[in-house]
Every structure is written in structure tokens, then in C-alpha cells.
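A.B. asks: My structure is stored as structure_37.csv, with CSV, C-alpha atoms.
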chain,number,residue,atom,x,y,z
A,8,MET,CA,0.0,0.0,0.0
A,9,TRP,CA,1.3,3.5,-0.8
A,10,GLY,CA,2.8,5.0,2.4
A,11,TRP,CA,0.4,8.0,2.5
A,12,ALA,CA,-2.6,5.8,2.2
A,13,ARG,CA,-2.2,4.5,5.7
A,14,PHE,CA,-2.2,8.0,7.0
A,15,ALA,CA,-5.2,8.8,4.8
A,16,ILE,CA,-7.1,6.0,6.6
A,17,THR,CA,-6.1,6.5,10.2
A,18,LEU,CA,-6.2,10.3,10.4
A,19,PRO,CA,-9.7,10.9,9.2
A,20,LEU,CA,-10.9,7.9,11.1
A,21,GLY,CA,-9.3,9.2,14.2
A,22,LEU,CA,-10.8,12.6,13.8
A,23,VAL,CA,-14.3,11.2,13.3
A,24,ALA,CA,-13.9,8.8,16.2
A,25,GLY,CA,-12.8,11.5,18.5
A,26,GLY,CA,-15.7,13.8,17.4
A,27,LEU,CA,-18.2,11.0,17.9
A,28,LEU,CA,-16.9,10.2,21.4
A,29,ALA,CA,-17.1,13.9,22.3
A,30,ALA,CA,-20.7,14.1,20.9
A,31,HIS,CA,-21.7,11.1,23.0
A,32,ALA,CA,-20.1,12.5,26.1
A,33,ILE,CA,-21.9,15.8,25.6
A,34,ARG,CA,-25.3,14.1,25.0
A,35,THR,CA,-25.0,12.1,28.3
A,36,GLY,CA,-25.9,15.5,29.8
A,37,LEU,CA,-25.3,16.7,33.3
A,38,ASP,CA,-26.3,13.5,35.1
A,39,ASP,CA,-22.8,13.0,36.5
A,40,ALA,CA,-22.3,16.6,37.7
A,41,PRO,CA,-19.8,16.5,40.5
A,42,ILE,CA,-21.9,17.7,43.5
A,43,VAL,CA,-24.5,15.3,44.8
A,44,ALA,CA,-27.3,15.9,47.2
A,45,GLY,CA,-29.6,12.9,47.6
A,46,ALA,CA,-31.1,12.2,44.1
A,47,TRP,CA,-30.0,15.6,42.9
A,48,THR,CA,-26.8,16.7,41.2
A,49,THR,CA,-25.3,20.1,40.4
A,50,ALA,CA,-22.1,22.0,39.7
A,51,THR,CA,-21.0,25.5,40.4
A,52,THR,CA,-19.3,26.2,37.1
A,53,TYR,CA,-22.4,26.5,34.9
A,54,GLY,CA,-22.1,29.5,32.7
A,55,SER,CA,-18.7,30.3,34.1
A,56,THR,CA,-15.4,30.8,32.2
A,57,ALA,CA,-14.0,28.4,34.8
A,58,ALA,CA,-16.1,25.5,33.4
A,59,ASP,CA,-14.1,22.8,31.7
A,60,PRO,CA,-14.8,22.2,28.0
A,61,LEU,CA,-17.0,19.2,28.6
A,62,THR,CA,-19.2,20.9,31.2
A,63,ARG,CA,-19.5,24.0,29.0
A,64,ALA,CA,-20.6,21.8,26.0
A,65,ARG,CA,-23.0,19.9,28.1
A,66,VAL,CA,-24.5,23.0,29.6
A,67,ALA,CA,-24.8,24.6,26.1
A,68,LEU,CA,-26.9,21.5,25.0
A,69,ARG,CA,-29.0,20.9,28.1
A,70,GLY,CA,-29.0,24.2,30.0
A,71,LEU,CA,-28.0,27.1,27.8
A,72,LEU,CA,-28.0,30.5,29.4
A,73,ALA,CA,-27.7,29.3,32.9
A,74,LEU,CA,-26.9,31.9,35.6
A,75,PRO,CA,-23.7,31.7,37.7
A,76,ALA,CA,-24.0,30.1,41.1
A,77,GLU,CA,-24.2,33.4,43.0
A,78,GLU,CA,-27.5,34.0,41.3
A,79,ALA,CA,-28.9,30.5,40.9
A,80,LEU,CA,-28.1,26.9,41.7
A,81,TYR,CA,-29.5,24.3,39.4
A,82,TYR,CA,-30.0,20.8,40.7
A,83,ALA,CA,-31.1,18.0,38.4
A,84,ALA,CA,-32.7,14.7,39.1
A,85,THR,CA,-33.4,12.0,36.6
A,86,ALA,CA,-34.0,9.2,39.1
A,87,ASP,CA,-35.8,8.6,42.3
A,88,ASP,CA,-34.2,8.0,45.7
A,89,GLN,CA,-33.8,4.3,44.8
A,90,GLY,CA,-32.0,5.2,41.5
A,91,ARG,CA,-34.9,4.2,39.2
A,92,ALA,CA,-35.2,6.5,36.2
A,93,LEU,CA,-38.1,8.9,36.5
A,94,ASN,CA,-40.9,7.9,34.1
A,95,GLY,CA,-44.1,9.7,33.2
A,96,ARG,CA,-46.3,6.7,33.7
A,97,CYS,CA,-45.4,6.7,37.4
A,98,SER,CA,-46.5,8.8,40.3
A,99,TYR,CA,-44.0,10.4,42.7
A,100,ARG,CA,-44.1,12.3,45.9
A,101,LEU,CA,-41.4,15.0,46.5
A,102,THR,CA,-41.0,16.0,50.1
A,103,GLY,CA,-38.7,18.6,51.5
A,104,GLY,CA,-38.0,21.2,54.1
A,105,ALA,CA,-36.9,24.8,54.2
A,106,ILE,CA,-34.4,25.6,51.4
A,107,PRO,CA,-32.2,28.6,52.5
A,108,ALA,CA,-32.7,30.9,49.5
A,109,ARG,CA,-34.7,33.8,48.2
A,110,TRP,CA,-36.9,31.5,46.1
A,111,TRP,CA,-36.9,28.0,44.7
A,112,SER,CA,-38.9,26.0,42.2
A,113,VAL,CA,-39.2,22.4,40.8
A,114,THR,CA,-39.8,22.2,37.1
A,115,LEU,CA,-40.4,19.1,35.0
A,116,TYR,CA,-38.8,18.6,31.5
A,117,ASP,CA,-38.5,15.9,28.9
A,118,GLN,CA,-35.2,14.3,28.2
A,119,ALA,CA,-34.3,16.9,25.6
A,120,GLY,CA,-34.9,19.8,28.1
A,121,TRP,CA,-38.3,21.0,26.9
A,122,LEU,CA,-41.4,21.6,29.0
A,123,VAL,CA,-43.8,18.7,28.5
A,124,PRO,CA,-47.3,19.4,27.0
A,125,ASN,CA,-50.2,18.7,29.3
A,126,PRO,CA,-53.8,19.8,29.3
A,127,GLU,CA,-53.4,21.7,32.6
A,128,ARG,CA,-50.4,23.7,31.3
A,129,ARG,CA,-48.7,23.1,34.6
A,130,TYR,CA,-45.0,22.8,34.5
A,131,SER,CA,-43.6,23.7,37.9
A,132,VAL,CA,-44.2,24.5,41.5
A,133,GLY,CA,-42.4,27.3,43.3
A,134,SER,CA,-41.8,28.2,46.9
A,135,GLY,CA,-44.4,30.9,46.4
A,136,ALA,CA,-47.0,28.2,46.4
A,137,MET,CA,-46.0,27.0,49.8
A,138,PRO,CA,-47.3,28.5,53.1
A,139,LYS,CA,-45.0,31.2,54.3
A,140,ASP,CA,-42.3,29.9,56.7
A,141,ALA,CA,-43.3,26.3,55.8
A,142,THR,CA,-40.7,23.9,57.1
A,143,ASN,CA,-42.1,20.9,55.3
A,144,TRP,CA,-43.7,20.7,51.9
A,145,THR,CA,-44.9,18.1,49.4
A,146,ILE,CA,-45.3,18.2,45.6
A,147,GLU,CA,-47.0,15.4,43.8
A,148,VAL,CA,-45.8,14.5,40.3
A,149,GLY,CA,-47.7,12.1,38.1
A,150,PRO,CA,-49.8,11.4,35.0
A,151,GLY,CA,-52.6,13.9,34.3
A,152,ASP,CA,-55.2,11.3,35.0
A,153,ASP,CA,-54.1,11.0,38.6
A,154,THR,CA,-54.7,14.6,39.8
A,155,PRO,CA,-54.3,14.8,43.5
A,156,ALA,CA,-57.3,16.1,45.4
A,157,GLU,CA,-55.4,19.0,46.8
A,158,GLY,CA,-51.9,20.5,47.1
A,159,PRO,CA,-49.2,21.4,44.6
A,160,TRP,CA,-48.6,19.0,41.8
A,161,ILE,CA,-47.0,18.7,38.4
A,162,PRO,CA,-48.4,16.5,35.6
A,163,THR,CA,-45.9,14.3,33.8
A,164,GLY,CA,-47.9,14.7,30.6
A,165,ARG,CA,-47.0,11.4,28.9
A,166,PRO,CA,-45.5,8.0,29.7
A,167,GLU,CA,-41.9,8.8,28.9
A,168,PRO,CA,-38.7,9.5,30.9
A,169,PHE,CA,-38.5,12.9,32.4
A,170,ALA,CA,-36.2,15.1,34.5
A,171,LEU,CA,-36.7,17.5,37.3
A,172,THR,CA,-34.8,20.7,37.8
A,173,LEU,CA,-34.7,22.4,41.2
A,174,ARG,CA,-33.8,26.0,40.9
A,175,VAL,CA,-32.5,27.8,44.0
A,176,TYR,CA,-32.2,31.6,43.5
A,177,ASN,CA,-29.9,33.6,45.7
A,178,ALA,CA,-28.9,30.7,48.0
A,179,ALA,CA,-27.9,31.6,51.5
A,180,PRO,CA,-24.1,31.9,51.9
A,181,ALA,CA,-23.7,28.5,53.6
A,182,LEU,CA,-25.5,26.7,50.8
A,183,LEU,CA,-23.7,28.7,48.2
A,184,ALA,CA,-20.4,27.7,49.8
A,185,ASP,CA,-21.4,24.0,49.9
A,186,PRO,CA,-24.2,23.2,47.4
A,187,GLY,CA,-23.9,19.6,48.4
A,188,SER,CA,-25.3,20.5,51.8
A,189,LEU,CA,-28.7,21.2,50.3
A,190,PRO,CA,-31.5,19.6,52.4
A,191,ALA,CA,-32.3,17.5,49.4
A,192,PRO,CA,-36.0,17.0,48.6
A,193,ARG,CA,-36.8,13.3,48.6
A,194,ILE,CA,-38.2,11.7,45.5
A,195,GLU,CA,-40.4,8.7,46.3
A,196,ARG,CA,-42.0,6.6,43.6
A,197,LEU,CA,-45.6,5.7,44.6
A,198,GLU,CA,-46.9,3.5,41.8
A,199,CYS,CA,-46.7,3.0,38.0
A,200,ALA,CA,-49.3,2.4,35.4
A,201,ALA,CA,-48.9,-0.7,33.3
B,29,MET,CA,3.0,-4.1,11.0
B,30,ARG,CA,5.8,-1.7,11.7
B,31,ARG,CA,4.6,0.3,8.7
B,32,TRP,CA,1.3,0.9,10.5
B,33,ALA,CA,2.8,1.9,13.8
B,34,LEU,CA,3.2,5.6,13.0
B,35,PRO,CA,-0.1,6.0,11.2
B,36,VAL,CA,-1.9,4.4,14.1
B,37,MET,CA,-0.2,6.6,16.6
B,38,LEU,CA,-1.1,9.7,14.6
B,39,GLY,CA,-4.6,8.3,14.3
B,40,LEU,CA,-4.8,8.2,18.1
B,41,LEU,CA,-3.6,11.7,18.2
B,42,ALA,CA,-6.3,12.5,15.7
B,43,VAL,CA,-8.9,11.0,18.1
B,44,VAL,CA,-7.8,13.4,20.8
B,45,ALA,CA,-7.8,16.3,18.3
B,46,GLY,CA,-11.3,15.4,17.2
B,47,TRP,CA,-12.5,15.1,20.8
B,48,PHE,CA,-11.2,18.6,21.7
B,49,PHE,CA,-12.4,20.1,18.5
B,50,VAL,CA,-16.0,19.0,19.0
B,51,LEU,CA,-15.9,20.1,22.7
B,52,TRP,CA,-14.6,23.5,21.6
B,53,ALA,CA,-16.9,24.1,18.7
B,54,SER,CA,-20.1,22.8,20.3
B,55,PRO,CA,-20.9,25.8,22.5
B,56,PHE,CA,-20.4,28.2,19.6
B,57,LEU,CA,-22.6,26.2,17.3
B,58,LEU,CA,-25.3,25.8,20.0
B,59,MET,CA,-25.2,29.4,20.9
B,60,ARG,CA,-25.4,30.4,17.3
B,61,ALA,CA,-28.4,28.1,16.8
B,62,ALA,CA,-30.2,29.6,19.8
B,63,THR,CA,-29.4,33.1,18.7
B,64,ASP,CA,-30.8,32.4,15.3
B,65,ARG,CA,-34.0,31.0,16.8
B,66,VAL,CA,-34.4,34.0,19.0
B,67,ALA,CA,-33.7,36.4,16.1
B,68,MET,CA,-36.7,34.9,14.3
B,69,VAL,CA,-39.0,36.5,16.9
B,70,SER,CA,-36.8,39.3,17.9
B,71,SER,CA,-34.3,41.8,16.3
B,72,VAL,CA,-30.6,42.2,16.7
B,73,ASN,CA,-29.7,44.9,19.2
B,74,ARG,CA,-33.2,45.2,20.4
B,75,MET,CA,-34.8,44.0,23.6
B,76,THR,CA,-37.8,41.8,23.0
B,77,ALA,CA,-40.2,40.8,25.9
B,78,ALA,CA,-41.0,37.1,25.4
B,79,PRO,CA,-44.3,35.6,26.7
B,80,LEU,CA,-44.1,33.2,29.6
B,81,ALA,CA,-42.6,29.8,28.6
B,82,THR,CA,-44.9,27.0,27.6
B,83,ALA,CA,-44.4,23.6,26.1
B,84,GLU,CA,-45.2,25.0,22.7
B,85,ARG,CA,-42.5,27.7,22.7
B,86,ARG,CA,-39.1,26.2,22.1
B,87,ALA,CA,-36.4,28.8,21.7
B,88,VAL,CA,-34.0,27.8,24.4
B,89,VAL,CA,-33.8,24.6,26.4
B,90,ARG,CA,-34.9,24.4,30.1
B,91,PRO,CA,-36.8,27.6,30.2
B,92,SER,CA,-38.4,28.4,33.6
B,93,PRO,CA,-42.2,28.9,33.4
B,94,ASP,CA,-41.9,31.1,36.4
B,95,LEU,CA,-39.8,33.8,34.9
B,96,PHE,CA,-40.5,36.6,32.4
B,97,TYR,CA,-37.7,36.6,29.9
B,98,SER,CA,-36.6,39.6,27.8
B,99,ILE,CA,-33.9,38.9,25.3
B,100,CYS,CA,-31.6,41.0,23.1
B,101,PRO,CA,-29.4,39.2,20.5
B,102,TYR,CA,-26.5,41.7,20.3
B,103,ASP,CA,-23.8,42.4,17.6
B,104,ILE,CA,-21.1,44.9,18.4
B,105,SER,CA,-19.5,44.8,15.0
B,106,LYS,CA,-21.0,48.2,14.1
B,107,GLY,CA,-20.7,49.9,17.5
B,108,ALA,CA,-21.3,49.6,21.2
B,109,VAL,CA,-24.6,48.1,22.3
B,110,LEU,CA,-26.2,49.9,25.2
B,111,VAL,CA,-28.5,48.0,27.7
B,112,ASP,CA,-30.7,49.9,30.1
B,113,VAL,CA,-32.6,48.0,32.8
B,114,PRO,CA,-34.7,49.8,35.4
B,115,GLY,CA,-34.9,48.3,38.8
B,116,ILE,CA,-38.1,46.3,39.3
B,117,ALA,CA,-39.6,46.7,42.7
B,118,ASP,CA,-40.5,43.8,45.0
B,119,ALA,CA,-39.2,41.1,42.6
B,120,TYR,CA,-36.2,39.1,41.8
B,121,TRP,CA,-34.6,40.3,38.5
B,122,SER,CA,-31.3,39.9,36.8
B,123,VAL,CA,-29.7,40.9,33.5
B,124,ALA,CA,-27.0,38.7,32.2
B,125,VAL,CA,-24.7,39.1,29.2
B,126,TYR,CA,-23.6,35.9,27.4
B,127,ASP,CA,-20.9,35.7,24.8
B,128,ALA,CA,-20.7,33.6,21.7
B,129,ARG,CA,-19.0,30.8,23.7
B,130,THR,CA,-22.0,30.7,26.1
B,131,ASP,CA,-20.0,32.1,29.0
B,132,VAL,CA,-21.5,34.7,31.3
B,133,VAL,CA,-19.7,38.0,30.9
B,134,VAL,CA,-21.5,39.9,33.6
B,135,VAL,CA,-24.6,39.7,35.7
B,136,ARG,CA,-26.3,42.6,37.4
B,137,SER,CA,-29.3,41.8,39.6
B,138,VAL,CA,-31.3,42.7,42.6
B,139,ARG,CA,-28.5,41.1,44.5
B,140,ASN,CA,-25.6,43.2,43.3
B,141,ALA,CA,-26.7,46.2,41.3
B,142,VAL,CA,-24.9,49.3,42.7
B,143,SER,CA,-27.2,51.8,41.2
B,144,LEU,CA,-30.4,51.9,39.2
B,145,PRO,CA,-31.2,51.9,36.4
B,146,VAL,CA,-28.5,49.4,35.3
B,147,ARG,CA,-26.7,50.8,32.3
B,148,LEU,CA,-24.3,48.5,30.4
B,149,ALA,CA,-22.2,49.3,27.3
B,150,LEU,CA,-21.1,46.2,25.5
B,151,ILE,CA,-17.8,47.0,23.8
B,152,PRO,CA,-14.8,45.2,22.2
B,153,PRO,CA,-11.5,45.1,24.1
B,154,ASP,CA,-10.3,48.3,22.5
B,155,GLY,CA,-13.7,50.1,22.7
B,156,ASP,CA,-14.9,53.0,24.9
B,157,ALA,CA,-18.2,53.2,26.8
B,158,PRO,CA,-20.2,56.4,26.7
B,159,ALA,CA,-20.5,58.4,29.9
B,160,GLY,CA,-22.9,57.0,32.4
B,161,TYR,CA,-22.6,53.4,31.2
B,162,GLU,CA,-20.6,50.6,32.8
B,163,PRO,CA,-18.2,49.2,30.2
B,164,VAL,CA,-18.6,45.5,29.6
B,165,VAL,CA,-15.9,44.1,27.4
B,166,VAL,CA,-16.9,41.1,25.3
B,167,ASP,CA,-14.4,39.0,23.4
B,168,TYR,CA,-16.7,38.0,20.6
B,169,ALA,CA,-18.9,40.3,18.4
B,170,THR,CA,-22.2,38.4,19.1
B,171,GLY,CA,-24.1,37.0,22.0
B,172,LEU,CA,-27.2,37.4,24.0
B,173,VAL,CA,-28.5,39.7,26.8
B,174,LEU,CA,-31.1,38.1,29.0
B,175,LEU,CA,-33.3,39.8,31.5
B,176,ARG,CA,-35.1,37.6,34.0
B,177,VAL,CA,-38.0,38.7,36.2
B,178,LEU,CA,-39.4,36.3,38.7
B,179,LEU,CA,-43.2,35.9,38.7
B,180,PRO,CA,-43.8,34.5,42.2
B,181,GLU,CA,-47.6,34.4,41.7
B,182,PRO,CA,-49.9,35.1,38.8
B,183,GLY,CA,-51.6,38.1,40.4
B,184,GLN,CA,-48.4,40.2,39.9
B,185,SER,CA,-48.0,39.4,36.2
B,186,ALA,CA,-49.4,42.6,34.8
B,187,ARG,CA,-47.3,44.9,36.9
B,188,LEU,CA,-44.1,42.9,36.4
B,189,ASP,CA,-44.7,42.5,32.7
B,190,ALA,CA,-45.1,46.3,32.3
B,191,GLU,CA,-42.0,47.1,34.3
B,192,ARG,CA,-39.8,44.6,32.5
B,193,ARG,CA,-40.9,46.1,29.1
B,194,ARG,CA,-39.1,49.3,30.1
B,195,ALA,CA,-35.7,47.6,29.6
B,196,THR,CA,-34.0,48.5,26.3
B,197,CYS,CA,-31.1,47.4,24.1
B,198,ARG,CA,-29.8,49.6,21.3
B,199,LEU,CA,-26.9,50.1,19.0
B,200,LEU,CA,-24.7,53.1,19.5
B,201,PRO,CA,-23.3,53.6,16.0
B,202,VAL,CA,-19.7,54.4,15.5
B,203,THR,CA,-19.3,58.0,14.5
B,204,GLY,CA,-16.6,59.7,12.4
Output the structure of this file as C-alpha cells.

C.D. replies:
Amino acid sequence: MWGWARFAITLPLGLVAGGLLAAHAIRTGLDDAPIVAGAWTTATTYGSTAADPLTRARVALRGLLALPAEEALYYAATADDQGRALNGRCSYRLTGGAIPARWWSVTLYDQAGWLVPNPERRYSVGSGAMPKDATNWTIEVGPGDDTPAEGPWIPTGRPEPFALTLRVYNAAPALLADPGSLPAPRIERLECAA
Amino acid sequence: MRRWALPVMLGLLAVVAGWFFVLWASPFLLMRAATDRVAMVSSVNRMTAAPLATAERRAVVRPSPDLFYSICPYDISKGAVLVDVPGIADAYWSVAVYDARTDVVVVRSVRNAVSLPVRLALIPPDGDAPAGYEPVVVDYATGLVLLRVLLPEPGQSARLDAERRRATCRLLPVTG
């Protein structure tokens, strides 16, 4: 074989392979963010020039235009407390306590990061929906045909995997210094439709 | 076999090069795609107040349905871009400047704004800001300015919507 032909094979193949590996790594999203709090993960470098190239690329795909940690912490959950992937055909109960911040919310997204259509047009629950100075709260998450009788809830919209984002705006200094110390909301799976 | 050793070694280096190239390029491409989507319903160097996010509106991933967003795709290639944001009473608000690589260049918010209104001048490294504006040096010509206003409960939406619409973004053309 001509000498150059070997290079003509390995170099393009190498470039393509490297690119595909990178694309795969980017698409795996932010599930393995370095800070863990219960079923939730986060990082403090979102939107920051200090982010490593992989984190920057992942955030660009899954959380473009995130604010820096001083303004908002973003915690993601794709599984319940037992590590089972969140699925829209199942019902869940989120329970938590006081989160030391100006305001927080839980929002439901599909795997691509879009809000999920549902007849109720409900996509999130925020701390404003909780009684002032509440030290314990509950949010129900489940299919639209399983509307709880009362209380905050988010419909899953359709029987597919989904993700939850917990936004914490203007976290208290102690939480900002150690985001892993979040009093993590629990995610309990109740039941699943067939 | 020995004749393949060097090509394979260089091929492995090419894997590393491909890996880093995609990581480097992806934010620029994704930011460009988002800017193009935003520009379809907005104008360059103009602040546009977007309606509340719903499942049907898909400009940028992971929008918060609890925030009013106003957005300005900026381009400083023809001059400084001036951003004016009035303070919004009794609400969380923030204005963030993102560059073409998706990095946050600056954030001014209810938390850290020294004076109101917030006045930012987006300029290149060798540019000058007009009097009364905080200079914000951006390394790339294009990016996005995003104003967020928290809607804690639906009853305040009319007031907050009206206040956030007072924010502006405009080009200061180069003179002379």
C-alpha cells in the first residue's frame, strides 16, 4: 500500500472517532455533575469561564444561558431515591424542608430539556405556592389522570422518561459555599401504570 | 505491521484532536443556533419581551415557566450596544450578558446592582463606553443579553410585565 494511504485512513478515522466520542459525552448531559445531594446533582461552574470544556458543552446543550452560582443553583434529578429512572407513567411524591434561598422551584422537563405538554399547562411548583415559613412541603408528580385532590402538583404529561430541575435563587451563603449541603428533597415513587 | 505503527499513533492523536475540537466548537454552534431561533421572533440589538414559557415555545432549552424573559441578541461589530434596565420593585430580577461561547460575561441583579437603572455598554477590548454606562468588554462580536424577572404568583404578572418592558437594548453607531 502506498505510504500515504495508511495516514489517509487513520487520520480521518481518528478525527471522526474523537468527534463522535465527544458528541456522545456531551449528550449524556449533566447527570454526572460533581456535586451530589440525595437524588440531585449540580455544579458551580455552569455559565462560568471556569467551566471545563466538557461541562461547557453539556450546559450549552442541556441548560443554555444558565446563571452563575451566585444568582442561581440548578439541581437536576433523573432518578428517584432508589436510583430508578423517572418515568411519566409513574406517580411520585417529592417532600422537603426549608431551602435557604430567596426563592426556589421544581420544574419538569422531557429528556431533551423542553417543557412537557399537558392539558393543565402546569410545568412547575415554586416556593411561592407553599405556606410562608413552611418547614415541610410536598409536591405530587404524576400522570394527568391522577390529579391529587389538593396540594401542589405537576403532571408528567406522557409516559416517557423525564427530568426535574430544582432552581434555587440567591442561595444563603452556607448553601452557596457548599451546594452539596442542600437539604435535598426526597423523590419517592408511589406507583406506576402498566 | 511496523509500517502501520506511525499511522496508528497519529490516528490516536487525531482521536484526541477530534475530541477537543468538538468540545470547543459545540458551545459556539449551539449558541449560534439559539441566537438564530431568538432572532426569528426578535431583532438584533433590540430587547424583546417574550411571553411566559410553555411547552409550545421552544427557543432555548430548560426555560423556567416562572420567569418573564426579555432577550436581546447583540452584535457589536458596528458599534457599542447599550443596555438599560430599570430596577423592578419587589421582585427578583437579573440581567446577564452571554458571549458567543455561552459564558456569562457579567450579571447585574437585585442582589448586586450598585445603582439603578443598570446601564451597560457592550464594547470590544479596544472600545470605549459612553458616559454613564458601565463598560462590559466582550471578546466576541455576538451573543445574548437576557433579562429575567421572577413571577412569584400570577396576580403580579401585569405589573411585572409592564415594568420589564421598560428595559432597552440599542446600538450606538460608530461616528466619524

A.B. asks: Can you write out as a tab-separated table which residues of stretch 30-113 of chain A fall within 12 Å of stretch 168-192 of chain B, alongside each residue's closest atom pair and its distance in Å to one decimal, counting only C-alpha atoms and ordering rows by chain and ascending residue number?

C.D. replies:
residue	atom	partner	partner_atom	distance
A:Leu71	CA	B:Leu172	CA	11.0
A:Leu72	CA	B:Leu174	CA	8.2
A:Ala73	CA	B:Leu174	CA	10.2
A:Leu74	CA	B:Leu174	CA	10.0
A:Glu78	CA	B:Arg176	CA	11.1
A:Ala79	CA	B:Arg176	CA	11.7
A:Arg109	CA	B:Leu178	CA	10.9
A:Trp110	CA	B:Pro180	CA	8.5
A:Trp111	CA	B:Pro180	CA	9.8
A:Ser112	CA	B:Pro180	CA	9.8

A.B. asks: Mind listing as a ChimeraX atom specification which residues of chain B are within 7 Å of chain A, counting all atoms listed in the file?

C.D. replies: /B:32,35-36,38-40,42-47,50-52,54-55,58,82-83,88-90,93,130-132,180-181

A.B. asks: Kindly provide, as a PDB file with C-alpha atoms, keeping the file's coordinate frame, the polymer residues lying within 7 Å of (-36.3, 6.4, 45.5), counting all atoms listed in the file and using the coordinates exactly as they appear in the file.

C.D. replies:
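selection_25.pdb, freshly written:
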ATOM      1  CA  ASP A  87     -35.800   8.600  42.300  1.00  0.00           C
ATOM      2  CA  ASP A  88     -34.200   8.000  45.700  1.00  0.00           C
ATOM      3  CA  GLN A  89     -33.800   4.300  44.800  1.00  0.00           C
ATOM      4  CA  GLY A  90     -32.000   5.200  41.500  1.00  0.00           C
ATOM      5  CA  ARG A  91     -34.900   4.200  39.200  1.00  0.00           C
ATOM      6  CA  ILE A 194     -38.200  11.700  45.500  1.00  0.00           C
ATOM      7  CA  GLU A 195     -40.400   8.700  46.300  1.00  0.00           C
ATOM      8  CA  ARG A 196     -42.000   6.600  43.600  1.00  0.00           C
TER       9      ARG A 196
END

A.B. asks: For the atom pair atom CA of A:Ala50 and atom CA of B:Pro101, what is the interatomic distance in Å to one decimal place?

C.D. replies: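 One can read the atom CA of A:Ala50 to atom CA of B:Pro101 distance as 26.8 Å.
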
A.B. asks: Quick one: residues within 9 Å of stretch 165-168 of chain A, all atoms listed in the file, excluding same-chain residues fewer than 5 positions away - as a ChimeraX atom specification?

C.D. replies: /A:85,92-97,117-118,123-125,150-151,200

A.B. asks: What does the structure give for the distance between atom CA of A:Thr142 and atom CA of A:Tyr82, in Å to one decimal?

C.D. replies: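 Taking atom CA of A:Thr142 as the start and atom CA of A:Tyr82 as the end point, the length is 19.8 Å.
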